[in-house]
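Q: Once you've had a glance at the structure underneath, I'll fire off some questions.
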2 protein chains.
Amino acid sequence: MSIIAGAWAPNVIWHLRAGPRRFSELRSDIPPISAKVLSQRLKELEGRGVLSRAVQPTTPPSVAYALTVLGHELVPALDAIVAVGHKLKAERR
Amino acid sequence: MSIIAGAWAPNVIWHLRAGPRRFSELRSDIPPISAKVLSQRLKELEGRGVLSRAVQPTTPPSVAYALTVLGHELVPALDAIVAVGHKLKAERR
């Protein structure tokens, strides 16, 4: 379970499911997350092999984060968790 | 994703997959968790409808925590996450 440990880690993985995202894009995807926590989560998730960093050939060059093959294997499970979350919220209305 | 938010929340849900557990049992299931954090997670997860508390007819009476029907729907997803975690660890050896 430690693979998704850390506040917002599941959210970071989930927002990378559709393709590489830059730091600023991830910050706007997850409004409550601070820059410090986001960079910590990105470092940890990279260290666990869930995502990787790639320098983009932009001017000036920029860095984007993308899920690894195994990182992508987490997406169906996170989708299932989001679906249960919606059911629970619907039940509580 | 907020349904599993909070440090150790996925671990608490996972350790309830086989049936009700008492507070002391959950603490030994998840050694690093403090009593304060565990009771906070249990309150939050109960509030989200993921688990419920039941007084056990023991002497003296004791409280056990069990997943709700929707809480149980999270287990396959968490199992999948644990499986990916093992693959990643195996890859990194």
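Identifiers for the structure tokens are assigned positionally: chains receive A, B, ... in sequence, residues are indexed from 1 per chain, and ligands are indexed from 1 in the order shown.
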Show me, as a list in words, every residue of chain A with an atom at most 7 Å from chain B, counting only C-alpha atoms.
A: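 Taking only C-alpha atoms into account, Met1, Ile3, Ala5, Gly6, Ala7, Asn11, Gly49, Leu70, Glu73, Leu74, Ala77, Leu78, Ala80, Ile81, Val82, Val84, Gly85 and Leu88 of chain A sit within 7 Å of chain B.
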Q: Can you write out the residues you just picked, keeping all heavy atoms, as a short mmCIF file (atom, residue, chain, number, x, y, z; two decimals), in the first residue's frame?
A:
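The resulting file, part.cif, is shown below:
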data_model
loop_
_atom_site.label_atom_id
_atom_site.label_comp_id
_atom_site.auth_asym_id
_atom_site.auth_seq_id
_atom_site.Cartn_x
_atom_site.Cartn_y
_atom_site.Cartn_z
N MET A 1 0.83 -1.23 0.00
CA MET A 1 0.00 0.00 0.00
C MET A 1 0.86 1.27 0.00
O MET A 1 0.40 2.33 -0.35
CB MET A 1 -0.90 -0.01 1.24
CG MET A 1 -2.19 0.78 1.07
SD MET A 1 -3.34 0.06 -0.11
CE MET A 1 -3.86 -1.38 0.81
N ILE A 3 2.87 2.19 -1.96
CA ILE A 3 3.04 2.74 -3.30
C ILE A 3 2.23 4.02 -3.52
O ILE A 3 2.63 4.91 -4.24
CB ILE A 3 2.64 1.67 -4.36
CG1 ILE A 3 3.17 2.01 -5.74
CG2 ILE A 3 1.14 1.41 -4.39
CD1 ILE A 3 4.55 1.57 -5.94
N ALA A 5 1.27 5.92 -0.83
CA ALA A 5 1.33 6.65 0.45
C ALA A 5 1.65 8.13 0.22
O ALA A 5 2.29 8.49 -0.77
CB ALA A 5 2.40 6.02 1.34
N GLY A 6 1.19 8.94 1.15
CA GLY A 6 1.49 10.37 1.06
C GLY A 6 0.26 11.13 0.58
O GLY A 6 -0.42 10.74 -0.38
N ALA A 7 -0.04 12.21 1.30
CA ALA A 7 -1.22 13.01 0.94
C ALA A 7 -1.15 13.41 -0.53
O ALA A 7 -0.09 13.81 -1.03
CB ALA A 7 -1.27 14.26 1.83
N ASN A 11 -4.07 11.26 -6.10
CA ASN A 11 -4.56 12.32 -7.01
C ASN A 11 -3.54 12.62 -8.10
O ASN A 11 -3.90 12.80 -9.27
CB ASN A 11 -4.87 13.59 -6.22
CG ASN A 11 -5.77 13.34 -5.02
OD1 ASN A 11 -5.35 12.64 -4.08
ND2 ASN A 11 -6.97 13.87 -5.02
N GLY A 49 9.14 4.32 -8.79
CA GLY A 49 8.98 3.78 -10.15
C GLY A 49 7.59 3.95 -10.71
O GLY A 49 7.22 3.32 -11.70
N LEU A 70 4.14 0.45 -15.21
CA LEU A 70 3.54 -0.06 -13.95
C LEU A 70 2.68 1.01 -13.28
O LEU A 70 1.64 0.72 -12.70
CB LEU A 70 4.64 -0.56 -13.02
CG LEU A 70 5.10 -2.00 -13.29
CD1 LEU A 70 6.27 -2.39 -12.41
CD2 LEU A 70 3.96 -2.99 -13.07
N GLU A 73 -0.71 0.85 -14.43
CA GLU A 73 -1.49 -0.28 -13.91
C GLU A 73 -2.29 0.12 -12.67
O GLU A 73 -3.21 -0.57 -12.26
CB GLU A 73 -0.58 -1.46 -13.59
CG GLU A 73 -0.05 -2.16 -14.84
CD GLU A 73 0.61 -3.50 -14.52
OE1 GLU A 73 0.30 -4.08 -13.46
OE2 GLU A 73 1.44 -3.94 -15.33
N LEU A 74 -1.92 1.24 -12.06
CA LEU A 74 -2.65 1.70 -10.86
C LEU A 74 -3.95 2.41 -11.25
O LEU A 74 -4.87 2.55 -10.44
CB LEU A 74 -1.78 2.66 -10.05
CG LEU A 74 -0.54 2.06 -9.38
CD1 LEU A 74 0.37 3.17 -8.88
CD2 LEU A 74 -0.95 1.16 -8.22
N ALA A 77 -7.49 0.78 -10.76
CA ALA A 77 -7.81 0.66 -9.33
C ALA A 77 -8.25 2.04 -8.79
O ALA A 77 -9.23 2.13 -8.05
CB ALA A 77 -6.60 0.16 -8.56
N LEU A 78 -7.55 3.09 -9.20
CA LEU A 78 -7.92 4.44 -8.72
C LEU A 78 -9.27 4.86 -9.31
O LEU A 78 -10.09 5.47 -8.62
CB LEU A 78 -6.82 5.44 -9.07
CG LEU A 78 -5.47 5.19 -8.37
CD1 LEU A 78 -4.44 6.22 -8.80
CD2 LEU A 78 -5.62 5.20 -6.85
N ALA A 80 -11.69 2.82 -9.89
CA ALA A 80 -12.68 2.08 -9.09
C ALA A 80 -12.92 2.80 -7.76
O ALA A 80 -14.06 2.92 -7.30
CB ALA A 80 -12.20 0.66 -8.84
N ILE A 81 -11.87 3.32 -7.17
CA ILE A 81 -12.00 4.04 -5.90
C ILE A 81 -12.82 5.32 -6.10
O ILE A 81 -13.71 5.64 -5.31
CB ILE A 81 -10.60 4.34 -5.32
CG1 ILE A 81 -9.97 3.03 -4.81
CG2 ILE A 81 -10.67 5.38 -4.20
CD1 ILE A 81 -8.51 3.11 -4.45
N VAL A 82 -12.55 6.03 -7.20
CA VAL A 82 -13.32 7.25 -7.50
C VAL A 82 -14.80 6.90 -7.68
O VAL A 82 -15.69 7.59 -7.17
CB VAL A 82 -12.76 7.95 -8.77
CG1 VAL A 82 -13.70 9.05 -9.25
CG2 VAL A 82 -11.37 8.53 -8.48
N VAL A 84 -16.50 4.36 -6.37
CA VAL A 84 -17.12 4.07 -5.06
C VAL A 84 -17.35 5.38 -4.31
O VAL A 84 -18.38 5.59 -3.67
CB VAL A 84 -16.25 3.11 -4.23
CG1 VAL A 84 -16.82 2.95 -2.81
CG2 VAL A 84 -16.16 1.75 -4.90
N GLY A 85 -16.38 6.29 -4.44
CA GLY A 85 -16.52 7.59 -3.78
C GLY A 85 -17.78 8.32 -4.24
O GLY A 85 -18.54 8.87 -3.43
N LEU A 88 -20.83 6.65 -2.68
CA LEU A 88 -20.99 6.98 -1.25
C LEU A 88 -21.56 8.39 -1.11
O LEU A 88 -22.44 8.64 -0.31
CB LEU A 88 -19.65 6.86 -0.53
CG LEU A 88 -19.29 5.43 -0.12
CD1 LEU A 88 -17.82 5.32 0.26
CD2 LEU A 88 -20.15 4.97 1.06
#
Q: Run DSSP on the backbone of this structure and report the residues of chain A it assigns to helix (DSSP H, G or I), as a PyMOL selection string.
A: chain A and resi 2-4+9-15+23-29+35-47+69-72+75-92
Q: List every residue of chain A that DSSP, applied to the backbone of this structure, assigns to strand (DSSP E), and report them as an MDAnalysis selection string.
A: chainID A and resid 21:22 51:56 62:67
Q: Enter the distance from atom CA of B:Ser39 to atom CA of B:His15, in Å, rounded to one decimal.
A: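 That distance, rounded to one decimal, is 14.7 Å.
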Q: I'm after chain B in the frame of chain A: fit it by least squares over all Cα atoms matched in order, and give me the output as a tab-separated table (two decimals) with N, CA, C and O atoms, in the first residue's frame.
A:
chain	number	residue	atom	x	y	z
B	1	MET	N	0.84	-1.22	0.00
B	1	MET	CA	0.01	0.01	-0.01
B	1	MET	C	0.86	1.27	0.00
B	1	MET	O	0.39	2.33	-0.37
B	2	SER	N	2.17	1.08	0.34
B	2	SER	CA	3.01	2.27	0.47
B	2	SER	C	3.20	2.95	-0.90
B	2	SER	O	3.60	4.10	-0.98
B	3	ILE	N	2.88	2.19	-1.96
B	3	ILE	CA	3.06	2.74	-3.30
B	3	ILE	C	2.24	4.02	-3.51
B	3	ILE	O	2.64	4.91	-4.26
B	4	ILE	N	1.08	4.13	-2.80
B	4	ILE	CA	0.26	5.34	-2.96
B	4	ILE	C	0.29	6.19	-1.70
B	4	ILE	O	-0.55	7.06	-1.51
B	5	ALA	N	1.26	5.91	-0.82
B	5	ALA	CA	1.34	6.65	0.45
B	5	ALA	C	1.65	8.13	0.21
B	5	ALA	O	2.29	8.48	-0.78
B	6	GLY	N	1.19	8.93	1.15
B	6	GLY	CA	1.48	10.37	1.07
B	6	GLY	C	0.26	11.12	0.59
B	6	GLY	O	-0.41	10.73	-0.38
B	7	ALA	N	-0.04	12.20	1.30
B	7	ALA	CA	-1.22	13.01	0.95
B	7	ALA	C	-1.14	13.41	-0.53
B	7	ALA	O	-0.09	13.81	-1.02
B	8	TRP	N	-2.28	13.25	-1.22
B	8	TRP	CA	-2.43	13.64	-2.63
B	8	TRP	C	-1.72	12.72	-3.63
B	8	TRP	O	-1.85	12.92	-4.85
B	9	ALA	N	-0.98	11.69	-3.16
B	9	ALA	CA	-0.27	10.81	-4.10
B	9	ALA	C	-1.27	10.16	-5.08
B	9	ALA	O	-1.05	10.19	-6.30
B	10	PRO	N	-2.42	9.59	-4.57
B	10	PRO	CA	-3.37	8.99	-5.52
B	10	PRO	C	-3.88	10.03	-6.53
B	10	PRO	O	-4.05	9.72	-7.71
B	11	ASN	N	-4.07	11.26	-6.10
B	11	ASN	CA	-4.57	12.31	-7.00
B	11	ASN	C	-3.54	12.62	-8.10
B	11	ASN	O	-3.90	12.81	-9.26
B	12	VAL	N	-2.26	12.68	-7.73
B	12	VAL	CA	-1.20	12.97	-8.71
B	12	VAL	C	-1.19	11.87	-9.78
B	12	VAL	O	-1.19	12.15	-10.98
B	13	ILE	N	-1.24	10.59	-9.32
B	13	ILE	CA	-1.23	9.46	-10.26
B	13	ILE	C	-2.45	9.57	-11.18
B	13	ILE	O	-2.35	9.46	-12.41
B	14	TRP	N	-3.60	9.85	-10.60
B	14	TRP	CA	-4.85	9.89	-11.35
B	14	TRP	C	-4.83	10.95	-12.44
B	14	TRP	O	-5.29	10.76	-13.55
B	15	HIS	N	-4.23	12.13	-12.10
B	15	HIS	CA	-4.21	13.22	-13.07
B	15	HIS	C	-3.17	13.02	-14.17
B	15	HIS	O	-3.12	13.79	-15.13
B	16	LEU	N	-2.33	11.99	-14.03
B	16	LEU	CA	-1.35	11.67	-15.09
B	16	LEU	C	-1.87	10.55	-15.98
B	16	LEU	O	-1.20	10.12	-16.91
B	17	ARG	N	-3.14	10.09	-15.70
B	17	ARG	CA	-3.62	8.91	-16.43
B	17	ARG	C	-3.78	9.18	-17.93
B	17	ARG	O	-3.66	8.29	-18.76
B	18	ALA	N	-4.04	10.47	-18.30
B	18	ALA	CA	-4.29	10.76	-19.72
B	18	ALA	C	-3.03	11.19	-20.44
B	18	ALA	O	-3.07	11.48	-21.64
B	19	GLY	N	-1.88	11.27	-19.76
B	19	GLY	CA	-0.65	11.64	-20.46
B	19	GLY	C	0.21	12.57	-19.61
B	19	GLY	O	-0.20	12.97	-18.51
B	20	PRO	N	1.39	12.91	-20.13
B	20	PRO	CA	2.33	13.73	-19.35
B	20	PRO	C	1.73	15.08	-18.97
B	20	PRO	O	0.93	15.66	-19.70
B	21	ARG	N	2.13	15.54	-17.77
B	21	ARG	CA	1.66	16.85	-17.29
B	21	ARG	C	2.85	17.60	-16.72
B	21	ARG	O	3.75	16.96	-16.12
B	22	ARG	N	2.86	18.93	-16.89
B	22	ARG	CA	3.92	19.73	-16.27
B	22	ARG	C	3.54	20.05	-14.83
B	22	ARG	O	2.36	19.95	-14.44
B	23	PHE	N	4.53	20.51	-14.06
B	23	PHE	CA	4.34	20.83	-12.64
B	23	PHE	C	3.18	21.83	-12.48
B	23	PHE	O	2.26	21.60	-11.70
B	24	SER	N	3.20	22.86	-13.29
B	24	SER	CA	2.16	23.91	-13.15
B	24	SER	C	0.79	23.34	-13.49
B	24	SER	O	-0.22	23.69	-12.87
B	25	GLU	N	0.73	22.41	-14.45
B	25	GLU	CA	-0.55	21.81	-14.82
B	25	GLU	C	-1.09	20.96	-13.67
B	25	GLU	O	-2.29	20.99	-13.34
B	26	LEU	N	-0.17	20.18	-13.05
B	26	LEU	CA	-0.59	19.34	-11.91
B	26	LEU	C	-1.06	20.21	-10.74
B	26	LEU	O	-2.02	19.88	-10.05
B	27	ARG	N	-0.41	21.35	-10.53
B	27	ARG	CA	-0.86	22.24	-9.44
B	27	ARG	C	-2.26	22.75	-9.70
B	27	ARG	O	-3.10	22.81	-8.80
B	28	SER	N	-2.56	23.03	-10.98
B	28	SER	CA	-3.94	23.53	-11.23
B	28	SER	C	-4.93	22.37	-11.23
B	28	SER	O	-6.11	22.55	-10.92
B	29	ASP	N	-4.46	21.16	-11.55
B	29	ASP	CA	-5.33	19.99	-11.47
B	29	ASP	C	-5.78	19.71	-10.03
B	29	ASP	O	-6.87	19.20	-9.78
B	30	ILE	N	-4.85	19.99	-9.07
B	30	ILE	CA	-5.10	19.66	-7.65
B	30	ILE	C	-4.95	20.94	-6.83
B	30	ILE	O	-3.95	21.16	-6.15
B	31	PRO	N	-5.95	21.82	-6.90
B	31	PRO	CA	-5.84	23.16	-6.29
B	31	PRO	C	-5.32	23.19	-4.84
B	31	PRO	O	-4.49	24.02	-4.50
B	32	PRO	N	-5.78	22.25	-3.98
B	32	PRO	CA	-5.34	22.41	-2.58
B	32	PRO	C	-3.87	22.09	-2.34
B	32	PRO	O	-3.33	22.40	-1.29
B	33	ILE	N	-3.20	21.43	-3.31
B	33	ILE	CA	-1.84	20.98	-3.04
B	33	ILE	C	-0.84	22.14	-3.12
B	33	ILE	O	-0.94	23.00	-4.00
B	34	SER	N	0.09	22.17	-2.16
B	34	SER	CA	1.12	23.23	-2.20
B	34	SER	C	2.25	22.79	-3.13
B	34	SER	O	2.43	21.60	-3.38
B	35	ALA	N	3.05	23.77	-3.59
B	35	ALA	CA	4.18	23.46	-4.48
B	35	ALA	C	5.15	22.51	-3.76
B	35	ALA	O	5.65	21.56	-4.36
B	36	LYS	N	5.35	22.75	-2.47
B	36	LYS	CA	6.29	21.94	-1.70
B	36	LYS	C	5.82	20.48	-1.64
B	36	LYS	O	6.58	19.56	-1.92
B	37	VAL	N	4.55	20.28	-1.32
B	37	VAL	CA	4.02	18.91	-1.20
B	37	VAL	C	4.00	18.24	-2.57
B	37	VAL	O	4.37	17.08	-2.69
B	38	LEU	N	3.64	18.98	-3.62
B	38	LEU	CA	3.61	18.38	-4.95
B	38	LEU	C	5.01	17.94	-5.37
B	38	LEU	O	5.22	16.81	-5.82
B	39	SER	N	6.00	18.78	-5.13
B	39	SER	CA	7.35	18.37	-5.59
B	39	SER	C	7.84	17.18	-4.77
B	39	SER	O	8.50	16.28	-5.29
B	40	GLN	N	7.46	17.14	-3.48
B	40	GLN	CA	7.84	15.99	-2.63
B	40	GLN	C	7.17	14.70	-3.15
B	40	GLN	O	7.82	13.67	-3.31
B	41	ARG	N	5.85	14.78	-3.46
B	41	ARG	CA	5.12	13.60	-3.96
B	41	ARG	C	5.72	13.15	-5.28
B	41	ARG	O	5.90	11.96	-5.53
B	42	LEU	N	6.07	14.09	-6.18
B	42	LEU	CA	6.62	13.72	-7.49
B	42	LEU	C	7.95	13.00	-7.29
B	42	LEU	O	8.22	11.97	-7.93
B	43	LYS	N	8.79	13.50	-6.38
B	43	LYS	CA	10.09	12.86	-6.11
B	43	LYS	C	9.87	11.44	-5.58
B	43	LYS	O	10.47	10.48	-6.04
B	44	GLU	N	8.94	11.30	-4.61
B	44	GLU	CA	8.67	9.99	-4.00
B	44	GLU	C	8.14	9.01	-5.04
B	44	GLU	O	8.57	7.86	-5.13
B	45	LEU	N	7.17	9.48	-5.87
B	45	LEU	CA	6.55	8.59	-6.86
B	45	LEU	C	7.55	8.20	-7.95
B	45	LEU	O	7.54	7.10	-8.46
B	46	GLU	N	8.46	9.15	-8.25
B	46	GLU	CA	9.52	8.81	-9.21
B	46	GLU	C	10.43	7.74	-8.59
B	46	GLU	O	10.77	6.75	-9.22
B	47	GLY	N	10.76	7.92	-7.31
B	47	GLY	CA	11.62	6.96	-6.61
B	47	GLY	C	10.99	5.58	-6.50
B	47	GLY	O	11.69	4.57	-6.48
B	48	ARG	N	9.67	5.51	-6.47
B	48	ARG	CA	8.97	4.21	-6.37
B	48	ARG	C	8.78	3.58	-7.75
B	48	ARG	O	8.23	2.49	-7.86
B	49	GLY	N	9.15	4.33	-8.81
B	49	GLY	CA	9.00	3.78	-10.15
B	49	GLY	C	7.60	3.95	-10.72
B	49	GLY	O	7.23	3.33	-11.72
B	50	VAL	N	6.77	4.80	-10.09
B	50	VAL	CA	5.39	5.00	-10.55
B	50	VAL	C	5.35	6.01	-11.71
B	50	VAL	O	4.56	5.89	-12.63
B	51	LEU	N	6.24	7.01	-11.67
B	51	LEU	CA	6.29	8.00	-12.76
B	51	LEU	C	7.73	8.33	-13.10
B	51	LEU	O	8.66	7.98	-12.38
B	52	SER	N	7.88	9.00	-14.25
B	52	SER	CA	9.23	9.41	-14.65
B	52	SER	C	9.17	10.86	-15.14
B	52	SER	O	8.10	11.36	-15.50
B	53	ARG	N	10.32	11.52	-15.13
B	53	ARG	CA	10.43	12.90	-15.58
B	53	ARG	C	11.03	12.91	-16.98
B	53	ARG	O	11.94	12.13	-17.25
B	54	ALA	N	10.54	13.78	-17.85
B	54	ALA	CA	11.16	13.87	-19.18
B	54	ALA	C	11.28	15.35	-19.51
B	54	ALA	O	10.36	16.13	-19.28
B	55	VAL	N	12.47	15.73	-20.02
B	55	VAL	CA	12.67	17.12	-20.43
B	55	VAL	C	11.99	17.29	-21.79
B	55	VAL	O	12.20	16.49	-22.71
B	56	GLN	N	11.16	18.30	-21.88
B	56	GLN	CA	10.42	18.56	-23.12
B	56	GLN	C	11.23	19.52	-24.00
B	56	GLN	O	11.80	20.49	-23.49
B	57	PRO	N	11.27	19.25	-25.33
B	57	PRO	CA	12.08	20.11	-26.23
B	57	PRO	C	11.42	21.47	-26.50
B	57	PRO	O	11.26	21.87	-27.65
B	58	THR	N	10.95	22.13	-25.43
B	58	THR	CA	10.35	23.46	-25.62
B	58	THR	C	11.44	24.53	-25.44
B	58	THR	O	12.55	24.20	-25.02
B	59	THR	N	11.11	25.77	-25.71
B	59	THR	CA	12.08	26.86	-25.52
B	59	THR	C	11.50	27.83	-24.50
B	59	THR	O	10.47	28.46	-24.81
B	60	PRO	N	12.02	27.96	-23.31
B	60	PRO	CA	13.12	27.13	-22.81
B	60	PRO	C	12.65	25.71	-22.51
B	60	PRO	O	11.43	25.48	-22.47
B	61	PRO	N	13.59	24.77	-22.35
B	61	PRO	CA	13.18	23.38	-22.09
B	61	PRO	C	12.32	23.31	-20.83
B	61	PRO	O	12.51	24.10	-19.89
B	62	SER	N	11.31	22.41	-20.82
B	62	SER	CA	10.48	22.27	-19.61
B	62	SER	C	10.43	20.78	-19.24
B	62	SER	O	10.80	19.92	-20.05
B	63	VAL	N	10.02	20.50	-18.01
B	63	VAL	CA	9.97	19.12	-17.51
B	63	VAL	C	8.52	18.67	-17.44
B	63	VAL	O	7.65	19.44	-17.00
B	64	ALA	N	8.27	17.46	-17.92
B	64	ALA	CA	6.92	16.90	-17.77
B	64	ALA	C	7.04	15.57	-17.04
B	64	ALA	O	8.08	14.93	-17.06
B	65	TYR	N	5.94	15.21	-16.37
B	65	TYR	CA	5.91	13.97	-15.60
B	65	TYR	C	4.93	13.02	-16.27
B	65	TYR	O	3.85	13.44	-16.72
B	66	ALA	N	5.32	11.75	-16.36
B	66	ALA	CA	4.44	10.77	-17.01
B	66	ALA	C	4.47	9.47	-16.22
B	66	ALA	O	5.50	9.12	-15.61
B	67	LEU	N	3.36	8.74	-16.22
B	67	LEU	CA	3.31	7.45	-15.55
B	67	LEU	C	4.19	6.45	-16.29
B	67	LEU	O	4.25	6.46	-17.51
B	68	THR	N	4.83	5.58	-15.53
B	68	THR	CA	5.55	4.45	-16.14
B	68	THR	C	4.51	3.39	-16.50
B	68	THR	O	3.32	3.54	-16.17
B	69	VAL	N	4.97	2.32	-17.17
B	69	VAL	CA	4.05	1.23	-17.52
B	69	VAL	C	3.36	0.70	-16.26
B	69	VAL	O	2.14	0.57	-16.19
B	70	LEU	N	4.13	0.45	-15.21
B	70	LEU	CA	3.54	-0.06	-13.96
B	70	LEU	C	2.68	1.01	-13.28
B	70	LEU	O	1.64	0.71	-12.70
B	71	GLY	N	3.10	2.26	-13.42
B	71	GLY	CA	2.29	3.36	-12.86
B	71	GLY	C	0.90	3.35	-13.49
B	71	GLY	O	-0.12	3.51	-12.80
B	72	HIS	N	0.85	3.10	-14.81
B	72	HIS	CA	-0.45	3.05	-15.50
B	72	HIS	C	-1.31	1.91	-14.97
B	72	HIS	O	-2.54	1.98	-14.99
B	73	GLU	N	-0.70	0.86	-14.44
B	73	GLU	CA	-1.49	-0.28	-13.91
B	73	GLU	C	-2.28	0.11	-12.67
B	73	GLU	O	-3.21	-0.60	-12.27
B	74	LEU	N	-1.92	1.24	-12.07
B	74	LEU	CA	-2.65	1.69	-10.88
B	74	LEU	C	-3.96	2.40	-11.26
B	74	LEU	O	-4.86	2.53	-10.43
B	75	VAL	N	-4.04	2.86	-12.52
B	75	VAL	CA	-5.17	3.73	-12.90
B	75	VAL	C	-6.54	3.03	-12.76
B	75	VAL	O	-7.45	3.60	-12.16
B	76	PRO	N	-6.70	1.77	-13.26
B	76	PRO	CA	-8.02	1.15	-13.10
B	76	PRO	C	-8.45	1.04	-11.63
B	76	PRO	O	-9.61	1.26	-11.30
B	77	ALA	N	-7.49	0.77	-10.77
B	77	ALA	CA	-7.82	0.66	-9.33
B	77	ALA	C	-8.26	2.03	-8.80
B	77	ALA	O	-9.24	2.13	-8.06
B	78	LEU	N	-7.56	3.09	-9.19
B	78	LEU	CA	-7.93	4.42	-8.72
B	78	LEU	C	-9.28	4.84	-9.31
B	78	LEU	O	-10.10	5.46	-8.62
B	79	ASP	N	-9.53	4.45	-10.57
B	79	ASP	CA	-10.85	4.72	-11.16
B	79	ASP	C	-11.95	4.06	-10.33
B	79	ASP	O	-13.00	4.66	-10.07
B	80	ALA	N	-11.69	2.82	-9.88
B	80	ALA	CA	-12.68	2.08	-9.09
B	80	ALA	C	-12.94	2.79	-7.76
B	80	ALA	O	-14.07	2.91	-7.29
B	81	ILE	N	-11.87	3.32	-7.17
B	81	ILE	CA	-12.00	4.04	-5.90
B	81	ILE	C	-12.82	5.31	-6.10
B	81	ILE	O	-13.72	5.63	-5.30
B	82	VAL	N	-12.56	6.02	-7.20
B	82	VAL	CA	-13.32	7.25	-7.48
B	82	VAL	C	-14.80	6.90	-7.66
B	82	VAL	O	-15.69	7.59	-7.14
B	83	ALA	N	-15.07	5.77	-8.36
B	83	ALA	CA	-16.46	5.36	-8.60
B	83	ALA	C	-17.17	5.06	-7.27
B	83	ALA	O	-18.31	5.49	-7.05
B	84	VAL	N	-16.51	4.36	-6.36
B	84	VAL	CA	-17.12	4.06	-5.05
B	84	VAL	C	-17.34	5.38	-4.30
B	84	VAL	O	-18.38	5.58	-3.67
B	85	GLY	N	-16.39	6.29	-4.43
B	85	GLY	CA	-16.53	7.59	-3.77
B	85	GLY	C	-17.78	8.31	-4.22
B	85	GLY	O	-18.53	8.87	-3.41
B	86	HIS	N	-18.05	8.26	-5.53
B	86	HIS	CA	-19.26	8.93	-6.05
B	86	HIS	C	-20.52	8.25	-5.50
B	86	HIS	O	-21.47	8.91	-5.09
B	87	LYS	N	-20.49	6.90	-5.45
B	87	LYS	CA	-21.65	6.16	-4.91
B	87	LYS	C	-21.91	6.57	-3.46
B	87	LYS	O	-23.04	6.82	-3.05
B	88	LEU	N	-20.84	6.64	-2.68
B	88	LEU	CA	-21.00	6.98	-1.26
B	88	LEU	C	-21.55	8.39	-1.11
B	88	LEU	O	-22.44	8.64	-0.32
B	89	LYS	N	-21.03	9.32	-1.95
B	89	LYS	CA	-21.52	10.71	-1.84
B	89	LYS	C	-22.98	10.75	-2.24
B	89	LYS	O	-23.80	11.41	-1.58
B	90	ALA	N	-23.36	9.99	-3.28
B	90	ALA	CA	-24.76	9.99	-3.73
B	90	ALA	C	-25.66	9.46	-2.61
B	90	ALA	O	-26.71	9.99	-2.33
B	91	GLU	N	-25.16	8.44	-1.91
B	91	GLU	CA	-25.94	7.81	-0.84
B	91	GLU	C	-26.16	8.77	0.32
B	91	GLU	O	-27.15	8.71	1.01
B	92	ARG	N	-25.21	9.67	0.53
B	92	ARG	CA	-25.24	10.53	1.73
B	92	ARG	C	-26.04	11.79	1.49
B	92	ARG	O	-26.22	12.60	2.39
B	93	ARG	N	-26.53	12.00	0.22
B	93	ARG	CA	-27.29	13.24	-0.06
B	93	ARG	C	-28.69	13.13	0.50
B	93	ARG	O	-29.24	12.04	0.60
